[in-house]
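S.K.: Here it is, the structure, as structure tokens.
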Amino acid sequence: MKVLLTLLFLIPVGVLFAQPSKTPDLQTLMMGEAFIGYSPEDVSWSETGKRIYFYWNPEKAPERSMYHYNLSTKEIHKTTPEEFLKDPEYSKIRSSSKTFFLLNNGVYAYDLKTGSSHLIYQGKKYISNIDYNKVTQSLYIVLNDEILAYSTDKQSLISLVSFEKGNKPSDQDSTVLMKEEYELFQYHQKRAEVREWKEQNNWKLFQTKQLYVGNSNVSNKQISPSGRFVTFRLDDHNSSESTEVMQFISSDGIAKPFKARAKVGEQEPTHKIGIYDMLRDSIYYIDFSSLPDIRKKPLYLADDSPYEKDRKVISHKLHFYQNSDQNIVDIKSYDNKDRWIVGIDLLTGKIEIYDHQHDEAWIGGPGISSWNMAEGNLDWFDVNTFYYQSEKSGYSHLYSCNTETKAKSQLTSGQWEVRNVSLSKDKKYFYLTTNRNHPGNREFEKFEISTKKFSSIYSQPGAYEVVLSPDETQMAVRYSTKTKPWELYLAKASSPSNWMQLTHSTSTVFDAVQWHDPSIILLQNGILNPTYARLYKPENPNGAAVIFVHGAGYLQNAHNFWSQYYREYMFHNLLISKGFTVLDIDYRASDGYGRDHRTAIYRHMGGSDLEDQLIGRRYLIDSLQIDPDRVGIYGGSYGGFITLMALLKEPGKFKCGAALRSVTDWFHYNHEYTSNILNYPETDPEAYRISSPIYYAENLTDHLLMLHGMIDDNVQFQDVVRLSQRFIELGKKNWDLAVYPVEAHGFKESSSWYDEYRRILELFEKHLLID
């Protein structure tokens, strides 16, 4: 398929001159991208810088496919495997003459001189990573249980190290009977002599080193730049019982259970970093007992005495400086209250501590990650300096640390956040994505390290996702606004404002609608900085209002770019066409506003975050003359949880509410998310009780609609079943439950989306409109 670009950016003539149309009907809106169009995703440059690759779906196929824009011909093509191999995606894994990349679980080499690719290795085992070592001139291919080494000089492939389950066989493994047999019978003795002779006389040009890891799983396997050390992490997961989710609609008509996540609890996995020294043929494990405060108890326990044992930690991959074994590692405590950045001497196993971050709530923020299983942003400037992000100032900012002096410097500052970081090729600049001018923006800036000065590249309202070409002279830009979905643009780095639109993804029907541009307002909460919200105001208000509560908790939706809640955005357009006012609040706990906003729900979900919904309700009543008896509320996941808390903790404040895929009892949710905010249920059970809607079920008086997918393996169907049983036993009325047999947490079928939002619309029209 080929798409020719024009100066009109491919926008159909009919769309340019079409008259704005009304919001389509609900069933059309719930088609989602099949109605809107499929925006380009996963943008990258080719090795030569002559192509921009992206995933797109202009033909409305079942899934997106890879396309590319050819900078020479100014054409867009659907990419074939043959074309891709002639100019693959740019790879940082490279020798002086070749680059290496993964494709369909195969390892390929691309010759920079001939412009051709060839297959090096492909097997049945999953390839988790590849890395080129300039010292050994070898490409290391990392499998689940093995590391292969491909010599680019000799073009030979060997199995370097294998990780074996169980313990290393030894004489001690012999049973009493085995020893007796050997001592009594010459037959066994002669066979042993033959085996020993063969072992001594076999040619052993190379033998794979077998490392025995017991029952542990192995991850983060790396070869150090010197080629001497193999580093790896052993993961021993706890025996927490996994849950099961029942699938009722199946191909053979038989209901089947499938395994799902475990529930929150203090049973933590155990991890440790192993170092195998190939020169000395020895293995040792890193001791982290010297980490500052490794035995310190959190304040909520009200106990100044230290733990008897070290807290469990999880380490991430080692970041090596170029061709040396000097490294930095991101370490997090499993209770996620501490983060350490350390260096490891691979020869001695000793650690050097460079930075320690602590948060009595939980470590998190952009570039830091609230998930202890995910590492934060860090890498090297030069041989003595690395950069990282920290919320030390209250906002996620960029810092540097000198490994010789351990002196740290804050590079960026202010009441805004660094969202994304990349270092320029000459290492003089950072390219940063920030929200400096408005928390709802994603701006793109150039930051000079020596002077700490910013040069704004893109700062207008909206979001800019920029991918620089390999030589950093051109930029592929994904851009969106509140009313316009993501499209792909091309610009020169020297003149970024003079860009060219490459894709037009939206349908003619979508383009013909005059979509509402919600205003961003501030709601004063009297405690922290003002709370931001999207306000949808109808031309002919009917005196009723709906508050939408976004999901995830830590997510932003009152921003200036295209929402991931695009169905809800279109639904809100439909609501205002019917006269409803809609308010969408970035309540406390939302993303984009710094540490205090992020952690405001610590030990009490349904506290300050619910209070912000009540502040929004009061704003609607006092400022927009909304009828106090005609305010509804709805949301999904965390938004569904807040909807339940609103109706059950504040009865009478909301006439009705719709709770989609809602957590009803935090004792039953997953570990990683819940333990961050509410600690462990064994040590902080009261935090779980005051935060769980099921404990307020007796207060239900307002109209409640619950909607849930039956194969939801995130917020499981059991959640809504348990609350339903509680309502039944309490004799509660005014509640309904709609179930969706083929849907998980994120709905897929447009028929399910339509049925869900039809019921929500009917709820609001029935209880918020005056006959």
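Lettering and numbering for the structure tokens are positional, with chains as A, B, ... in the shown order, residues counted from 1 in each chain, and ligands counted from 1 in the shown order.
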Among stretch 4-227 of chain A, which ones does DSSP assign to helix (DSSP H, G or I) (computed from the backbone)? Answer as a count of residues only.
M.R.: 46
S.K.: Could you list, as a ChimeraX atom specification, every residue within 9 Å of A:Gly123, counting only C-alpha atoms and ignoring same-chain residues fewer than 4 positions away?
M.R.: /A:105-106,127
S.K.: Restrict the selected residues to N, CA, C and O atoms and save them as a short mmCIF file (atom, residue, chain, number, x, y, z; two decimals), in the first residue's frame.
M.R.:
```
data_model
loop_
_atom_site.label_atom_id
_atom_site.label_comp_id
_atom_site.auth_asym_id
_atom_site.auth_seq_id
_atom_site.Cartn_x
_atom_site.Cartn_y
_atom_site.Cartn_z
N ASN A 105 12.13 -13.22 16.86
CA ASN A 105 12.95 -14.12 17.69
C ASN A 105 14.17 -14.66 16.93
O ASN A 105 14.66 -15.75 17.21
N GLY A 106 14.66 -13.86 16.00
CA GLY A 106 15.91 -14.18 15.31
C GLY A 106 16.87 -13.02 15.45
O GLY A 106 16.46 -11.86 15.62
N ILE A 127 14.53 -15.31 22.89
CA ILE A 127 15.69 -14.43 23.03
C ILE A 127 15.26 -13.19 23.80
O ILE A 127 14.41 -12.43 23.34
#
```
S.K.: Tell me which of A:Gly606, A:Phe727, A:Asn734, A:Lys272 sits closest to A:Ser692, counting only C-alpha atoms.
M.R.: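 Among the listed residues, the smallest separation from A:Ser692 belongs to A:Gly606.
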S.K.: Would you list the contacts of A:Asp293 as an MDAnalysis selection string, taking every protein, DNA or RNA residue within 12 Å and counting only C-alpha atoms, but skipping same-chain residues closer than 3 positions in sequence?
M.R.: chainID A and resid 288:290 296:298 304:307 309:311 333 337:340 356:358
S.K.: Enumerate the residues of stretch 515-644 of chain A with a DSSP assignment of strand (DSSP E or B), computed from the backbone, and present them as a list in words.
M.R.: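 DSSP-assigned strand (DSSP E or B) residues in stretch 515-644 of chain A: Ser519, Ile520, Ile521, Leu522, Leu523, Thr531, Tyr532, Ala533, Arg534, Leu535, Tyr536, Ala545, Val546, Ile547, Phe548, Val549, Thr581, Val582, Leu583, Asp584, Ile585, Val631, Gly632, Ile633, Tyr634, Gly635 and Gly636 of chain A.
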S.K.: When you draw a straight line from atom CA of A:Thr152 to atom CA of A:Asp111, how long is it in Å?
M.R.: 11.7 Å
S.K.: Quick one: of A:Gly731, A:Gly543, A:Pro685, A:Pro269, who's nearest to A:Ile576, counting only C-alpha atoms?
M.R.: A:Gly543
S.K.: Using only C-alpha atoms, tabulate the residues of stretch 571-669 of chain A lying at most 12 Å from any atom of stretch 256-267 of chain A, each with its closest atom pair and that distance in Å to one decimal, by chain and increasing residue number, as CSV.
M.R.:
```
residue,atom,partner,partner_atom,distance
A:Asp665,CA,A:Lys263,CA,11.1
A:Trp666,CA,A:Val264,CA,8.3
A:Phe667,CA,A:Val264,CA,6.6
A:His668,CA,A:Lys263,CA,5.5
A:Tyr669,CA,A:Lys263,CA,5.5
```
S.K.: Could you take the residues named above and write them with N, CA, C and O atoms, as a PDB file, in the first residue's frame?
M.R.:
```pdb
ATOM      1  N   ASP A 665     -12.812  -4.133  47.651  1.00  0.00           N
ATOM      2  CA  ASP A 665     -12.156  -4.521  48.895  1.00  0.00           C
ATOM      3  C   ASP A 665     -10.664  -4.656  48.620  1.00  0.00           C
ATOM      4  O   ASP A 665     -10.229  -5.568  47.919  1.00  0.00           O
ATOM      5  N   TRP A 666      -9.851  -3.739  49.168  1.00  0.00           N
ATOM      6  CA  TRP A 666      -8.424  -3.720  48.859  1.00  0.00           C
ATOM      7  C   TRP A 666      -7.679  -4.923  49.426  1.00  0.00           C
ATOM      8  O   TRP A 666      -6.562  -5.224  48.988  1.00  0.00           O
ATOM      9  N   PHE A 667      -8.258  -5.624  50.385  1.00  0.00           N
ATOM     10  CA  PHE A 667      -7.644  -6.865  50.860  1.00  0.00           C
ATOM     11  C   PHE A 667      -7.521  -7.889  49.726  1.00  0.00           C
ATOM     12  O   PHE A 667      -6.732  -8.832  49.828  1.00  0.00           O
ATOM     13  N   HIS A 668      -8.314  -7.705  48.660  1.00  0.00           N
ATOM     14  CA  HIS A 668      -8.368  -8.689  47.582  1.00  0.00           C
ATOM     15  C   HIS A 668      -7.692  -8.222  46.292  1.00  0.00           C
ATOM     16  O   HIS A 668      -7.744  -8.928  45.285  1.00  0.00           O
ATOM     17  N   TYR A 669      -7.036  -7.045  46.313  1.00  0.00           N
ATOM     18  CA  TYR A 669      -6.390  -6.572  45.082  1.00  0.00           C
ATOM     19  C   TYR A 669      -4.942  -7.065  45.021  1.00  0.00           C
ATOM     20  O   TYR A 669      -4.458  -7.772  45.903  1.00  0.00           O
TER      21      TYR A 669
END
```
S.K.: State, in Å with one decimal place, the distance from atom CA of A:Leu157 to atom CA of A:Asp325.
M.R.: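 Interatomic distance here is 23.8 Å.
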S.K.: With only C-alpha atoms as the counted atoms, please give the residues lying no more than 12 Å from A:Ala34, apart from itself and same-chain residues fewer than 2 positions off, as a CSV table (one decimal) with all heavy atoms, in the first residue's frame.
M.R.:
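Result saved to selection_31.csv:
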```
chain,number,residue,atom,x,y,z
A,27,GLN,N,-23.9,4.3,19.8
A,27,GLN,CA,-23.4,3.1,19.3
A,27,GLN,C,-22.2,3.3,18.4
A,27,GLN,O,-21.2,2.6,18.4
A,27,GLN,CB,-24.5,2.3,18.6
A,27,GLN,CG,-24.1,0.9,18.2
A,27,GLN,CD,-25.3,0.1,17.7
A,27,GLN,OE1,-26.4,0.6,17.5
A,27,GLN,NE2,-25.1,-1.3,17.6
A,28,THR,N,-22.3,4.4,17.6
A,28,THR,CA,-21.1,4.8,16.8
A,28,THR,C,-19.9,5.2,17.6
A,28,THR,O,-18.8,4.8,17.3
A,28,THR,CB,-21.5,5.9,15.8
A,28,THR,OG1,-22.6,5.5,15.0
A,28,THR,CG2,-20.4,6.3,14.9
A,29,LEU,N,-20.1,6.0,18.6
A,29,LEU,CA,-19.0,6.4,19.5
A,29,LEU,C,-18.3,5.3,20.1
A,29,LEU,O,-17.1,5.3,20.3
A,29,LEU,CB,-19.6,7.4,20.6
A,29,LEU,CG,-20.2,8.7,20.1
A,29,LEU,CD1,-20.7,9.5,21.3
A,29,LEU,CD2,-19.3,9.5,19.2
A,30,MET,N,-19.1,4.2,20.6
A,30,MET,CA,-18.5,3.1,21.3
A,30,MET,C,-17.7,2.2,20.4
A,30,MET,O,-17.1,1.2,20.8
A,30,MET,CB,-19.6,2.4,22.0
A,30,MET,CG,-20.1,3.2,23.2
A,30,MET,SD,-18.9,3.7,24.4
A,30,MET,CE,-18.9,5.5,24.2
A,31,MET,N,-17.7,2.4,19.1
A,31,MET,CA,-16.8,1.7,18.2
A,31,MET,C,-15.4,2.0,18.4
A,31,MET,O,-14.5,1.3,17.9
A,31,MET,CB,-17.2,2.0,16.7
A,31,MET,CG,-18.6,1.4,16.3
A,31,MET,SD,-19.1,2.0,14.7
A,31,MET,CE,-17.8,1.4,13.6
A,32,GLY,N,-15.1,3.2,19.1
A,32,GLY,CA,-13.8,3.6,19.4
A,32,GLY,C,-12.9,3.9,18.2
A,32,GLY,O,-13.3,4.7,17.3
A,36,ILE,N,-13.1,6.4,15.1
A,36,ILE,CA,-12.2,7.6,15.1
A,36,ILE,C,-11.1,7.5,14.0
A,36,ILE,O,-10.9,8.4,13.2
A,36,ILE,CB,-11.4,7.7,16.4
A,36,ILE,CG1,-12.4,7.9,17.6
A,36,ILE,CG2,-10.4,8.8,16.4
A,36,ILE,CD1,-11.8,7.7,19.0
A,37,GLY,N,-10.5,6.3,13.9
A,37,GLY,CA,-9.3,6.1,13.0
A,37,GLY,C,-8.2,5.6,13.9
A,37,GLY,O,-8.2,5.8,15.2
A,38,TYR,N,-7.2,5.0,13.4
A,38,TYR,CA,-6.1,4.5,14.1
A,38,TYR,C,-4.8,5.3,14.0
A,38,TYR,O,-4.2,5.4,13.0
A,38,TYR,CB,-5.8,3.1,13.6
A,38,TYR,CG,-6.9,2.1,13.8
A,38,TYR,CD1,-8.0,2.0,12.9
A,38,TYR,CD2,-7.0,1.2,14.9
A,38,TYR,CE1,-9.0,1.1,13.0
A,38,TYR,CE2,-8.0,0.3,15.1
A,38,TYR,CZ,-9.1,0.3,14.2
A,38,TYR,OH,-10.1,-0.6,14.3
A,39,SER,N,-4.5,6.0,15.1
A,39,SER,CA,-3.3,6.9,15.1
A,39,SER,C,-2.0,6.1,15.0
A,39,SER,O,-1.9,4.9,15.4
A,39,SER,CB,-3.3,7.7,16.4
A,39,SER,OG,-4.3,8.6,16.5
A,57,ASN,N,-2.8,1.8,10.9
A,57,ASN,CA,-3.9,1.0,10.4
A,57,ASN,C,-4.9,1.8,9.6
A,57,ASN,O,-6.1,1.9,9.9
A,57,ASN,CB,-4.6,0.3,11.5
A,57,ASN,CG,-5.6,-0.8,11.1
A,57,ASN,OD1,-5.6,-1.1,9.9
A,57,ASN,ND2,-6.4,-1.2,12.0
A,58,PRO,N,-4.4,2.4,8.5
A,58,PRO,CA,-5.4,3.2,7.7
A,58,PRO,C,-6.5,2.3,7.0
A,58,PRO,O,-7.5,2.9,6.6
A,58,PRO,CB,-4.5,3.9,6.7
A,58,PRO,CG,-3.3,3.0,6.5
A,58,PRO,CD,-3.1,2.4,7.9
A,59,GLU,N,-6.2,1.0,6.8
A,59,GLU,CA,-7.1,0.2,6.1
A,59,GLU,C,-8.1,-0.5,7.1
A,59,GLU,O,-9.0,-1.3,6.6
A,59,GLU,CB,-6.4,-0.9,5.3
A,59,GLU,CG,-5.7,-2.0,6.1
A,59,GLU,CD,-4.3,-1.6,6.5
A,59,GLU,OE1,-4.0,-0.4,6.7
A,59,GLU,OE2,-3.5,-2.6,6.6
A,60,LYS,N,-8.0,-0.2,8.4
A,60,LYS,CA,-8.9,-0.7,9.4
A,60,LYS,C,-8.9,-2.2,9.4
A,60,LYS,O,-9.9,-2.9,9.4
A,60,LYS,CB,-10.3,-0.2,9.2
A,60,LYS,CG,-10.5,1.3,9.4
A,60,LYS,CD,-11.9,1.7,9.4
A,60,LYS,CE,-12.0,3.2,9.7
A,60,LYS,NZ,-13.4,3.7,9.8
A,61,ALA,N,-7.7,-2.8,9.4
A,61,ALA,CA,-7.4,-4.2,9.6
A,61,ALA,C,-7.6,-4.6,11.0
A,61,ALA,O,-7.8,-3.7,11.9
A,61,ALA,CB,-6.0,-4.6,9.1
A,62,PRO,N,-7.6,-5.9,11.4
A,62,PRO,CA,-7.8,-6.2,12.8
A,62,PRO,C,-6.7,-5.6,13.7
A,62,PRO,O,-7.0,-5.4,14.9
A,62,PRO,CB,-7.7,-7.8,12.7
A,62,PRO,CG,-8.2,-8.1,11.4
A,62,PRO,CD,-7.7,-7.1,10.5
A,63,GLU,N,-5.5,-5.4,13.2
A,63,GLU,CA,-4.4,-4.8,14.0
A,63,GLU,C,-3.6,-3.9,13.2
A,63,GLU,O,-3.6,-3.9,11.9
A,63,GLU,CB,-3.5,-6.0,14.5
A,63,GLU,CG,-4.2,-6.9,15.5
A,63,GLU,CD,-3.2,-7.9,16.1
A,63,GLU,OE1,-2.1,-8.0,15.5
A,63,GLU,OE2,-3.6,-8.7,17.0
A,64,ARG,N,-2.8,-3.1,13.9
A,64,ARG,CA,-1.8,-2.2,13.2
A,64,ARG,C,-0.7,-3.0,12.6
A,64,ARG,O,-0.3,-4.0,13.0
A,64,ARG,CB,-1.2,-1.2,14.2
A,64,ARG,CG,-2.2,-0.1,14.6
A,64,ARG,CD,-1.6,0.8,15.7
A,64,ARG,NE,-2.4,2.0,16.0
A,64,ARG,CZ,-3.4,2.0,16.8
A,64,ARG,NH1,-3.8,0.9,17.4
A,64,ARG,NH2,-4.1,3.1,17.0
A,505,SER,N,-5.1,10.2,10.0
A,505,SER,CA,-5.6,8.9,10.5
A,505,SER,C,-7.1,8.9,10.8
A,505,SER,O,-7.7,7.9,10.8
A,505,SER,CB,-4.8,8.5,11.8
A,505,SER,OG,-3.5,8.6,11.6
A,506,THR,N,-7.7,10.1,11.1
A,506,THR,CA,-9.0,10.2,11.5
A,506,THR,C,-10.0,10.0,10.3
A,506,THR,O,-9.7,10.4,9.2
A,506,THR,CB,-9.3,11.5,12.2
A,506,THR,OG1,-8.8,12.6,11.5
A,506,THR,CG2,-8.7,11.5,13.6
A,507,SER,N,-11.2,9.5,10.6
A,507,SER,CA,-12.2,9.2,9.6
A,507,SER,C,-12.8,10.5,9.2
A,507,SER,O,-12.8,11.5,9.9
A,507,SER,CB,-13.2,8.2,10.1
A,507,SER,OG,-14.0,8.8,11.1
A,509,VAL,N,-16.0,11.0,9.0
A,509,VAL,CA,-17.1,11.3,9.9
A,509,VAL,C,-16.6,11.9,11.2
A,509,VAL,O,-17.3,12.8,11.7
A,509,VAL,CB,-17.9,9.9,10.2
A,509,VAL,CG1,-19.1,10.2,11.1
A,509,VAL,CG2,-18.3,9.3,8.9
A,510,PHE,N,-15.5,11.4,11.7
A,510,PHE,CA,-15.0,12.0,12.9
A,510,PHE,C,-14.6,13.4,12.7
A,510,PHE,O,-14.8,14.3,13.5
A,510,PHE,CB,-13.8,11.2,13.4
A,510,PHE,CG,-13.1,11.8,14.6
A,510,PHE,CD1,-13.5,11.4,15.9
A,510,PHE,CD2,-12.0,12.7,14.5
A,510,PHE,CE1,-12.9,11.9,17.0
A,510,PHE,CE2,-11.4,13.2,15.6
A,510,PHE,CZ,-11.8,12.8,16.9
A,567,ARG,N,-13.2,7.2,24.4
A,567,ARG,CA,-14.6,6.8,24.4
A,567,ARG,C,-15.3,7.7,25.4
A,567,ARG,O,-16.4,8.2,25.1
A,567,ARG,CB,-14.8,5.4,24.7
A,567,ARG,CG,-14.6,4.4,23.5
A,567,ARG,CD,-15.0,3.0,23.9
A,567,ARG,NE,-14.8,2.1,22.8
A,567,ARG,CZ,-13.6,1.4,22.5
A,567,ARG,NH1,-12.6,1.6,23.3
A,567,ARG,NH2,-13.6,0.6,21.5
A,748,LYS,N,-12.9,-5.1,25.0
A,748,LYS,CA,-12.5,-5.2,23.6
A,748,LYS,C,-13.6,-5.1,22.6
A,748,LYS,O,-13.5,-4.4,21.6
A,748,LYS,CB,-11.7,-6.5,23.4
A,748,LYS,CG,-10.5,-6.7,24.3
A,748,LYS,CD,-9.4,-5.8,23.9
A,748,LYS,CE,-8.1,-6.1,24.7
A,748,LYS,NZ,-7.1,-5.1,24.5
A,749,GLU,N,-14.7,-5.7,23.0
A,749,GLU,CA,-15.8,-5.8,22.0
A,749,GLU,C,-16.7,-4.5,22.0
A,749,GLU,O,-17.1,-4.0,23.1
A,749,GLU,CB,-16.8,-6.9,22.3
A,749,GLU,CG,-16.0,-8.3,22.3
A,749,GLU,CD,-15.5,-8.6,20.9
A,749,GLU,OE1,-16.3,-8.3,19.9
A,749,GLU,OE2,-14.4,-9.2,20.8
A,750,SER,N,-16.9,-3.9,20.8
A,750,SER,CA,-17.7,-2.7,20.8
A,750,SER,C,-19.1,-2.9,21.3
A,750,SER,O,-19.8,-2.0,21.8
A,750,SER,CB,-17.7,-2.2,19.3
A,750,SER,OG,-18.3,-3.1,18.4
```
S.K.: Given only C-alpha atoms as the basis, pick out the residue of A:Asn220, A:Thr403, A:Ser250, A:Ser116 nearest to A:Ile314.
M.R.: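 Among the listed residues, the smallest separation from A:Ile314 belongs to A:Asn220.
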S.K.: Compile the contact shell of A:Thr208 as a VMD selection string: residues with an atom at most 12 Å away, counting only C-alpha atoms, same-chain residues fewer than 2 positions apart removed.
M.R.: chain A and resid 146 to 149 157 to 164 204 to 206 210 to 211 278
S.K.: Please, could you write that set of residues out with N, CA and C atoms as a JSON list (two decimals), in the first residue's frame?
M.R.:
```json
[["chain", "number", "residue", "atom", "x", "y", "z"],
["A", 146, "GLU", "N", 20.39, -19.47, 29.11],
["A", 146, "GLU", "CA", 21.68, -19.66, 28.43],
["A", 146, "GLU", "C", 22.14, -18.33, 27.83],
["A", 147, "ILE", "N", 23.46, -18.19, 27.72],
["A", 147, "ILE", "CA", 24.05, -17.06, 27.01],
["A", 147, "ILE", "C", 24.93, -17.61, 25.90],
["A", 148, "LEU", "N", 24.64, -17.21, 24.67],
["A", 148, "LEU", "CA", 25.42, -17.61, 23.52],
["A", 148, "LEU", "C", 26.38, -16.48, 23.14],
["A", 149, "ALA", "N", 27.53, -16.85, 22.59],
["A", 149, "ALA", "CA", 28.50, -15.85, 22.14],
["A", 149, "ALA", "C", 28.78, -16.06, 20.66],
["A", 157, "LEU", "N", 29.60, -19.49, 16.61],
["A", 157, "LEU", "CA", 28.61, -19.36, 17.67],
["A", 157, "LEU", "C", 28.84, -20.47, 18.69],
["A", 158, "ILE", "N", 28.97, -20.10, 19.96],
["A", 158, "ILE", "CA", 29.15, -21.08, 21.03],
["A", 158, "ILE", "C", 28.18, -20.80, 22.16],
["A", 159, "SER", "N", 27.91, -21.82, 22.95],
["A", 159, "SER", "CA", 27.15, -21.67, 24.19],
["A", 159, "SER", "C", 28.14, -21.35, 25.30],
["A", 160, "LEU", "N", 28.09, -20.13, 25.81],
["A", 160, "LEU", "CA", 29.09, -19.67, 26.77],
["A", 160, "LEU", "C", 28.76, -20.13, 28.19],
["A", 161, "VAL", "N", 27.52, -19.87, 28.61],
["A", 161, "VAL", "CA", 27.09, -20.19, 29.98],
["A", 161, "VAL", "C", 25.67, -20.72, 29.92],
["A", 162, "SER", "N", 25.40, -21.75, 30.69],
["A", 162, "SER", "CA", 24.02, -22.22, 30.84],
["A", 162, "SER", "C", 23.66, -22.21, 32.31],
["A", 163, "PHE", "N", 22.41, -21.89, 32.59],
["A", 163, "PHE", "CA", 21.90, -21.84, 33.97],
["A", 163, "PHE", "C", 21.03, -23.07, 34.17],
["A", 164, "GLU", "N", 21.44, -23.94, 35.06],
["A", 164, "GLU", "CA", 20.79, -25.23, 35.25],
["A", 164, "GLU", "C", 19.99, -25.25, 36.55],
["A", 204, "LYS", "N", 38.82, -30.96, 24.18],
["A", 204, "LYS", "CA", 37.93, -29.95, 24.76],
["A", 204, "LYS", "C", 38.41, -28.57, 24.33],
["A", 205, "LEU", "N", 38.07, -28.23, 23.12],
["A", 205, "LEU", "CA", 38.43, -26.89, 22.66],
["A", 205, "LEU", "C", 37.61, -25.84, 23.39],
["A", 206, "PHE", "N", 36.37, -26.18, 23.72],
["A", 206, "PHE", "CA", 35.53, -25.28, 24.52],
["A", 206, "PHE", "C", 34.44, -26.10, 25.19],
["A", 210, "GLN", "N", 28.43, -24.59, 33.20],
["A", 210, "GLN", "CA", 27.11, -24.80, 33.77],
["A", 210, "GLN", "C", 27.05, -24.19, 35.16],
["A", 211, "LEU", "N", 26.10, -23.27, 35.35],
["A", 211, "LEU", "CA", 25.89, -22.65, 36.65],
["A", 211, "LEU", "C", 24.58, -23.17, 37.23],
["A", 278, "MET", "N", 34.65, -15.67, 35.15],
["A", 278, "MET", "CA", 35.06, -16.74, 34.23],
["A", 278, "MET", "C", 36.55, -17.02, 34.32]]
```
S.K.: Show which residues sit within 10 Å of A:Gly639, as a list of chain:residue names. Count only C-alpha atoms, and ignore same-chain residues fewer than 3 positions away.
M.R.: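 The residues satisfying every condition are A:Phe548, A:Val549, A:His550, A:Gly551, A:Ala552, A:Gly553, A:Ile633, A:Tyr634, A:Gly635, A:Gly636, A:Ile642, A:Thr643, A:Leu644, A:Met645, A:Ala658, A:Ala659, A:Leu660, A:Arg661, A:Ser662, A:Val663.
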